[in-house]
>>> print(open('protein.txt').read())   # compact mmCIF, C-alpha atoms
# COMPACT_ATOMS: atom_id res chain seq x y z
CA MET A 334 101.65 116.55 194.19
CA GLN A 335 102.91 115.09 190.93
CA ASN A 336 106.11 113.10 190.73
CA PHE A 337 108.71 114.29 188.26
CA GLN A 338 112.25 113.77 187.06
CA PHE A 339 114.62 116.59 186.20
CA HIS A 340 117.68 116.64 184.00
CA ASN A 341 119.45 119.63 182.51
CA PRO A 342 122.45 119.07 180.23
CA VAL A 343 123.69 122.69 180.24
CA LYS A 344 127.08 123.20 181.85
CA ILE A 345 127.02 126.35 184.00
CA LEU A 346 130.17 128.40 184.54
CA PHE A 347 129.20 130.76 187.34
CA GLY A 348 131.17 133.52 188.98
CA ARG A 349 133.50 136.45 188.52
CA GLY A 350 135.89 136.22 185.60
CA ARG A 351 134.43 133.07 184.06
CA ILE A 352 134.34 134.58 180.56
CA ALA A 353 138.07 133.89 180.52
CA ASP A 354 137.24 130.17 180.51
CA LEU A 355 135.63 130.27 177.06
CA GLY A 356 138.75 128.90 175.45
CA SER A 357 138.51 125.66 177.42
CA GLU A 358 134.84 125.15 176.49
CA ILE A 359 135.01 125.71 172.72
CA PRO A 360 136.95 123.17 170.64
CA ALA A 361 140.29 124.51 169.41
CA GLU A 362 139.44 123.75 165.79
CA ALA A 363 136.00 125.39 165.90
CA ARG A 364 135.13 128.17 163.47
CA VAL A 365 133.09 130.44 165.74
CA LEU A 366 130.34 132.94 165.02
CA MET A 367 129.85 135.30 167.95
CA THR A 368 126.35 136.77 167.98
CA TYR A 369 125.19 139.80 169.92
CA GLY A 370 122.61 142.58 169.96
CA GLY A 371 122.88 146.34 169.76
CA GLY A 372 126.43 146.80 170.99
CA SER A 373 126.13 147.19 174.77
CA ILE A 374 128.67 144.38 175.20
CA ARG A 375 131.29 146.70 173.73
CA ARG A 376 130.51 149.41 176.27
CA ASN A 377 130.44 147.16 179.33
CA GLY A 378 133.64 145.27 178.54
CA VAL A 379 132.07 141.86 177.87
CA TYR A 380 133.01 141.98 174.18
CA ALA A 381 136.66 142.60 174.99
CA GLN A 382 136.70 139.78 177.54
CA ALA A 383 135.18 137.31 175.08
CA ARG A 384 137.56 138.26 172.28
CA ALA A 385 140.55 138.02 174.64
CA ALA A 386 139.49 134.56 175.77
CA LEU A 387 139.33 133.43 172.13
CA ALA A 388 142.31 135.38 170.86
CA ASP A 389 143.89 132.33 169.23
CA ARG A 390 140.67 131.14 167.56
CA ARG A 391 138.91 131.97 164.34
CA VAL A 392 135.99 134.14 165.45
CA GLU A 393 133.59 135.91 163.10
CA GLU A 394 130.88 138.26 164.34
CA PHE A 395 127.22 138.94 163.71
CA GLY A 396 125.63 141.84 165.59
CA GLY A 397 122.30 143.59 165.53
CA ILE A 398 119.99 140.85 166.81
CA GLU A 399 116.91 142.72 168.00
CA PRO A 400 114.72 142.27 171.08
CA ASN A 401 112.14 139.76 169.84
CA PRO A 402 114.61 138.51 167.22
CA GLU A 403 113.49 139.00 163.64
CA TYR A 404 113.54 136.16 161.12
CA ALA A 405 115.01 138.28 158.33
CA THR A 406 117.91 139.38 160.53
CA LEU A 407 118.62 135.84 161.66
CA MET A 408 118.62 134.53 158.11
CA ARG A 409 121.46 136.93 157.28
CA ALA A 410 123.49 135.18 159.96
CA VAL A 411 122.53 131.82 158.46
CA GLU A 412 123.83 132.99 155.07
CA LYS A 413 127.12 134.05 156.69
CA ILE A 414 127.51 130.67 158.38
CA ARG A 415 126.90 128.76 155.18
CA ALA A 416 129.18 130.97 153.10
CA GLU A 417 132.07 130.87 155.58
CA ARG A 418 131.50 127.30 156.83
CA LEU A 419 131.29 128.28 160.48
CA ASP A 420 130.47 125.51 162.92
CA PHE A 421 130.09 126.87 166.47
CA LEU A 422 127.85 129.65 167.79
CA LEU A 423 128.62 131.83 170.79
CA ALA A 424 125.69 134.00 171.91
CA VAL A 425 126.78 137.00 173.99
CA GLY A 426 123.88 138.98 175.39
CA GLY A 427 120.42 138.47 176.83
CA GLY A 428 117.52 136.16 176.08
CA SER A 429 116.68 137.60 172.68
CA VAL A 430 120.23 137.15 171.43
CA LEU A 431 120.25 133.57 172.66
CA ASP A 432 116.79 132.82 171.24
CA GLY A 433 117.87 134.19 167.90
CA THR A 434 121.07 132.18 168.04
CA LYS A 435 119.12 128.99 168.69
CA PHE A 436 117.13 129.61 165.52
CA ILE A 437 120.34 130.29 163.61
CA ALA A 438 121.81 127.04 164.94
CA ALA A 439 118.85 125.05 163.66
CA ALA A 440 118.40 126.96 160.41
CA ALA A 441 121.99 126.74 159.17
CA PRO A 442 121.92 122.95 158.57
CA PHE A 443 118.20 122.82 157.71
CA THR A 444 117.54 121.14 154.35
CA GLY A 445 113.76 120.94 154.33
CA GLY A 446 113.01 124.18 152.49
CA ASP A 447 112.21 127.36 154.41
CA PRO A 448 113.71 127.24 157.94
CA TRP A 449 110.67 129.16 159.16
CA ASP A 450 108.79 125.87 158.83
CA MET A 451 110.52 124.72 162.02
CA VAL A 452 108.75 127.53 163.84
CA ALA A 453 105.42 127.89 162.04
CA LYS A 454 104.82 124.31 160.89
CA LYS A 455 106.79 122.43 163.54
CA ALA A 456 109.08 120.84 160.98
CA PRO A 457 111.56 118.59 162.83
CA VAL A 458 114.87 120.04 163.93
CA ALA A 459 117.07 117.28 162.56
CA ALA A 460 120.42 118.96 163.27
CA ALA A 461 121.79 122.06 164.94
CA LEU A 462 125.14 123.74 165.35
CA PRO A 463 126.52 123.70 168.90
CA ILE A 464 125.83 126.80 170.99
CA GLY A 465 127.63 128.42 173.89
CA CYS A 466 126.32 131.41 175.82
CA VAL A 467 127.66 134.36 177.77
CA LEU A 468 124.63 135.79 179.52
CA THR A 469 124.50 139.53 180.25
CA LEU A 470 120.86 139.92 181.28
CA PRO A 471 118.92 137.77 183.80
CA ALA A 472 115.50 137.29 182.28
CA THR A 473 113.98 134.38 180.41
CA GLY A 474 116.04 131.33 181.36
CA SER A 475 116.97 130.69 177.72
CA GLU A 476 120.51 129.90 178.88
CA MET A 477 119.17 126.73 180.53
CA ASN A 478 116.52 125.48 178.11
CA PRO A 479 115.94 124.35 174.50
CA PHE A 480 113.22 126.90 173.71
CA ALA A 481 113.28 130.02 171.56
CA VAL A 482 110.82 132.70 170.44
CA VAL A 483 111.25 134.23 166.99
CA SER A 484 109.32 137.01 165.24
CA ARG A 485 108.54 137.54 161.57
CA ARG A 486 107.26 141.00 160.75
CA SER A 487 106.17 140.12 157.22
CA THR A 488 103.54 137.75 158.63
CA SER A 489 103.02 139.48 162.01
CA ASP A 490 104.03 136.27 163.78
CA LYS A 491 105.82 135.77 167.08
CA LEU A 492 106.15 132.05 167.69
CA ALA A 493 108.01 129.60 169.88
CA PHE A 494 109.80 126.42 168.91
CA GLU A 495 112.03 123.96 170.67
CA SER A 496 114.31 120.98 170.28
CA PRO A 497 116.62 119.08 172.62
CA LEU A 498 119.35 119.90 170.10
CA LEU A 499 119.07 123.57 171.09
CA TYR A 500 120.26 123.29 174.67
CA PRO A 501 123.43 125.40 175.00
CA ARG A 502 126.54 123.30 175.56
CA PHE A 503 127.51 125.74 178.28
CA SER A 504 126.39 129.07 179.75
CA VAL A 505 128.70 131.58 181.38
CA LEU A 506 126.93 133.41 184.20
CA ASP A 507 129.16 136.16 185.54
CA PRO A 508 127.06 138.43 187.78
CA GLU A 509 129.38 141.34 187.04
CA THR A 510 128.06 141.47 183.47
CA THR A 511 124.75 142.70 184.91
CA PHE A 512 126.20 145.49 187.07
CA THR A 513 125.82 148.13 184.36
CA LEU A 514 122.11 147.42 183.79
CA PRO A 515 119.85 150.33 184.76
CA ALA A 516 117.87 149.60 187.93
CA ARG A 517 114.67 150.35 186.03
CA GLN A 518 115.46 147.72 183.41
CA VAL A 519 116.05 145.04 186.04
CA ALA A 520 112.98 145.83 188.15
CA ASN A 521 110.35 147.16 185.75
CA PRO A 522 107.83 144.44 184.81
CA SER A 523 106.86 146.30 181.66
CA SER A 524 110.41 146.20 180.28
CA SER A 525 111.58 143.85 177.55
CA ARG A 526 109.75 140.50 177.60
CA GLN A 527 108.09 141.47 180.91
CA ARG A 528 110.95 140.10 182.99
CA GLY A 529 109.66 140.67 186.50
CA PHE A 530 106.03 139.71 185.92
CA GLY A 531 107.03 136.87 183.62
CA ARG A 532 109.14 135.26 186.34
CA PHE A 533 106.32 135.72 188.83
CA LEU A 534 103.86 133.87 186.60
CA GLY A 535 106.21 131.38 185.06
CA GLY A 536 107.06 129.43 188.22
CA PRO A 537 103.51 128.68 189.40
CA ASP A 538 102.40 128.10 185.80
CA ALA A 539 104.97 125.38 185.23
CA GLN A 540 104.45 123.69 188.60
CA LEU A 541 100.67 123.81 189.00
CA ALA A 542 99.30 123.25 185.51
CA CYS A 543 98.16 119.75 184.63
CA CYS A 544 98.59 119.98 180.87
CA GLN A 545 101.55 120.21 178.52
CA GLN A 546 102.98 123.64 177.71
CA PRO A 547 100.47 125.67 179.75
CA PHE A 548 100.18 129.41 179.31
CA LEU A 549 98.66 130.96 182.41
CA GLN A 550 98.59 134.39 180.82
CA ASN A 551 96.00 133.17 178.30
CA ALA A 552 93.47 132.86 181.08
CA MET A 553 94.05 136.30 182.51
>>> encode(input="protein.txt", output="C-alpha cells")
Amino acid sequence: MQNFQFHNPVKILFGRGRIADLGSEIPAEARVLMTYGGGSIRRNGVYAQARAALADRRVEEFGGIEPNPEYATLMRAVEKIRAERLDFLLAVGGGSVLDGTKFIAAAAPFTGGDPWDMVAKKAPVAAALPIGCVLTLPATGSEMNPFAVVSRRSTSDKLAFESPLLYPRFSVLDPETTFTLPARQVANPSSSRQRGFGRFLGGPDAQLACCQQPFLQNAM
C-alpha cells in the first residue's frame, strides 16, 4: 500500500434543483459565456433552468461543441471571448463540453503564439478564465479534475493536457438532468468515450500503477 494525500478544490452542488443556485456561485459582475453541445439541454429543460438562474446577468452563448471537442470549433469560442471581453465560462453538458471549455479557458488569455502548443508541446498554462459546470452526463469525471482531451482533425491528433488552473470553481450535479438519457447510452461500454469500460479500468489503473499518468489500456 502506498500512502497518499488527497485534495480537491471543486465545490460540488449536488441534488434536485441545484441549477437554481448558479446565481450565487457566479460573480454578479461576470460576463458569462455559456458553452454547450448539440442542443439536448434545450430539449431536457436544463438550458431554461440555467438561463432562469442567470436572468439578471450578461450571458452569451456558444453551442456546437462536439464529442471529442475539435480545436477549430473551440478557437471560434476563443475569438468570441476576446472580441466581447467575456470573463467567466459556464459549461453545460457532458465531459466533452467541459473538456472543450477547459481548453477555451486556457486559450483565451494565452499569449505564447498558437494555443495548441499547450496541448501538443506542453506550453505552460499561465492563466485561465474561471469555469463553472452544470453536468448532464455521468462519464469522465471532468467536473472534478483539471484534465481535458482535445482533438485536431487537421493533424489527426487527440491529446490530453492539464493544469491546476483548469479545475472548475464549482460543479452542479443534479441527478434529474440525467433522467432523459437513453438506457443504452448510460450502460453501453462502446458509447461515447467508452463510459462503462473506462470507469471499470480507470479506478484500478489509478490506484495500482506505480508510475505517473499510467495508461492501462496501452498494455491490453
>>> residues_around(input="protein.txt", residues="A:Phe395", least_positions_apart="3", cutoff="12 Å", atoms="all atoms listed in the file", output="ChimeraX atom specification")
/A:365-372,392,398-399,406-414,419,422-425,430,433-434,437
>>> write_last_selection(input="protein.txt", atoms="C-alpha atoms", output="mmCIF file, in the frame of the given file")
data_model
loop_
_atom_site.group_PDB
_atom_site.id
_atom_site.type_symbol
_atom_site.label_atom_id
_atom_site.label_comp_id
_atom_site.auth_asym_id
_atom_site.auth_seq_id
_atom_site.Cartn_x
_atom_site.Cartn_y
_atom_site.Cartn_z
ATOM 1 C CA VAL A 365 133.090 130.440 165.740
ATOM 2 C CA LEU A 366 130.340 132.940 165.020
ATOM 3 C CA MET A 367 129.850 135.300 167.950
ATOM 4 C CA THR A 368 126.350 136.770 167.980
ATOM 5 C CA TYR A 369 125.190 139.800 169.920
ATOM 6 C CA GLY A 370 122.610 142.580 169.960
ATOM 7 C CA GLY A 371 122.880 146.340 169.760
ATOM 8 C CA GLY A 372 126.430 146.800 170.990
ATOM 9 C CA VAL A 392 135.990 134.140 165.450
ATOM 10 C CA ILE A 398 119.990 140.850 166.810
ATOM 11 C CA GLU A 399 116.910 142.720 168.000
ATOM 12 C CA THR A 406 117.910 139.380 160.530
ATOM 13 C CA LEU A 407 118.620 135.840 161.660
ATOM 14 C CA MET A 408 118.620 134.530 158.110
ATOM 15 C CA ARG A 409 121.460 136.930 157.280
ATOM 16 C CA ALA A 410 123.490 135.180 159.960
ATOM 17 C CA VAL A 411 122.530 131.820 158.460
ATOM 18 C CA GLU A 412 123.830 132.990 155.070
ATOM 19 C CA LYS A 413 127.120 134.050 156.690
ATOM 20 C CA ILE A 414 127.510 130.670 158.380
ATOM 21 C CA LEU A 419 131.290 128.280 160.480
ATOM 22 C CA LEU A 422 127.850 129.650 167.790
ATOM 23 C CA LEU A 423 128.620 131.830 170.790
ATOM 24 C CA ALA A 424 125.690 134.000 171.910
ATOM 25 C CA VAL A 425 126.780 137.000 173.990
ATOM 26 C CA VAL A 430 120.230 137.150 171.430
ATOM 27 C CA GLY A 433 117.870 134.190 167.900
ATOM 28 C CA THR A 434 121.070 132.180 168.040
ATOM 29 C CA ILE A 437 120.340 130.290 163.610
#
>>> closest_residue(input="protein.txt", among="A:Gln335, A:Met451, A:Ala441, A:Pro479", to="A:Ser496", atoms="all atoms listed in the file")
A:Pro479
>>> closest_residue(input="protein.txt", among="A:Ser475, A:Ala353, A:Phe503, A:Phe494", to="A:Asp450", atoms="all atoms listed in the file")
A:Phe494
>>> closest_residue(input="protein.txt", among="A:Ala381, A:Leu498, A:Ala459, A:Val467", to="A:Arg351", atoms="only C-alpha atoms")
A:Val467
>>> atom_distance(input="protein.txt", atom1="atom CA of A:Leu506", atom2="atom CA of A:Leu468")
5.7 Å
>>> axis_aligned_box(input="protein.txt", around="stretch 353-357 of chain A", padding_each_side="5 Å", output="lines of an AutoDock Vina configuration file")
center_x = 137.2
center_y = 129.8
center_z = 178.0
size_x = 13.1
size_y = 18.2
size_z = 15.1
>>> closest_residue(input="protein.txt", among="A:Arg375, A:Asp354, A:Ser484, A:Lys435", to="A:Pro402", atoms="all atoms listed in the file")
A:Ser484
>>> residues_near_point(input="protein.txt", point="(122.3, 127.2, 175.4)", cutoff="8 Å", atoms="all atoms listed in the file", output="compact mmCIF listing (two decimals) with C-alpha atoms, in the frame of the given file")
# COMPACT_ATOMS: atom_id res chain seq x y z
CA VAL A 343 123.69 122.69 180.24
CA LEU A 431 120.25 133.57 172.66
CA LYS A 435 119.12 128.99 168.69
CA ILE A 464 125.83 126.80 170.99
CA GLY A 465 127.63 128.42 173.89
CA CYS A 466 126.32 131.41 175.82
CA SER A 475 116.97 130.69 177.72
CA GLU A 476 120.51 129.90 178.88
CA MET A 477 119.17 126.73 180.53
CA ASN A 478 116.52 125.48 178.11
CA PRO A 479 115.94 124.35 174.50
CA LEU A 499 119.07 123.57 171.09
CA TYR A 500 120.26 123.29 174.67
CA PRO A 501 123.43 125.40 175.00
CA ARG A 502 126.54 123.30 175.56
CA PHE A 503 127.51 125.74 178.28
CA SER A 504 126.39 129.07 179.75
>>> atom_distance(input="protein.txt", atom1="atom CA of A:Ala363", atom2="atom CA of A:Phe421")
6.1 Å
>>> atom_distance(input="protein.txt", atom1="atom CA of A:Arg485", atom2="atom CA of A:Glu403")
5.6 Å
>>> residues_around(input="protein.txt", residues="A:Phe443", least_positions_apart="4", cutoff="8 Å", atoms="all atoms listed in the file", output="PDB file with C-alpha atoms, in the frame of the given file")
ATOM      1  CA  ALA A 439     118.850 125.050 163.660  1.00  0.00           C
ATOM      2  CA  PRO A 448     113.710 127.240 157.940  1.00  0.00           C
ATOM      3  CA  VAL A 458     114.870 120.040 163.930  1.00  0.00           C
ATOM      4  CA  ALA A 459     117.070 117.280 162.560  1.00  0.00           C
ATOM      5  CA  ALA A 460     120.420 118.960 163.270  1.00  0.00           C
TER       6      ALA A 460
END
>>> closest_residue(input="protein.txt", among="A:Leu492, A:Phe436, A:Arg384, A:Glu358", to="A:Ile345", atoms="all atoms listed in the file")
A:Glu358
>>> residues_around(input="protein.txt", residues="A:Ala361", least_positions_apart="2", cutoff="10 Å", atoms="all atoms listed in the file", output="VMD selection string")
chain A and resid 356 to 359 363 to 364 387 389 to 391
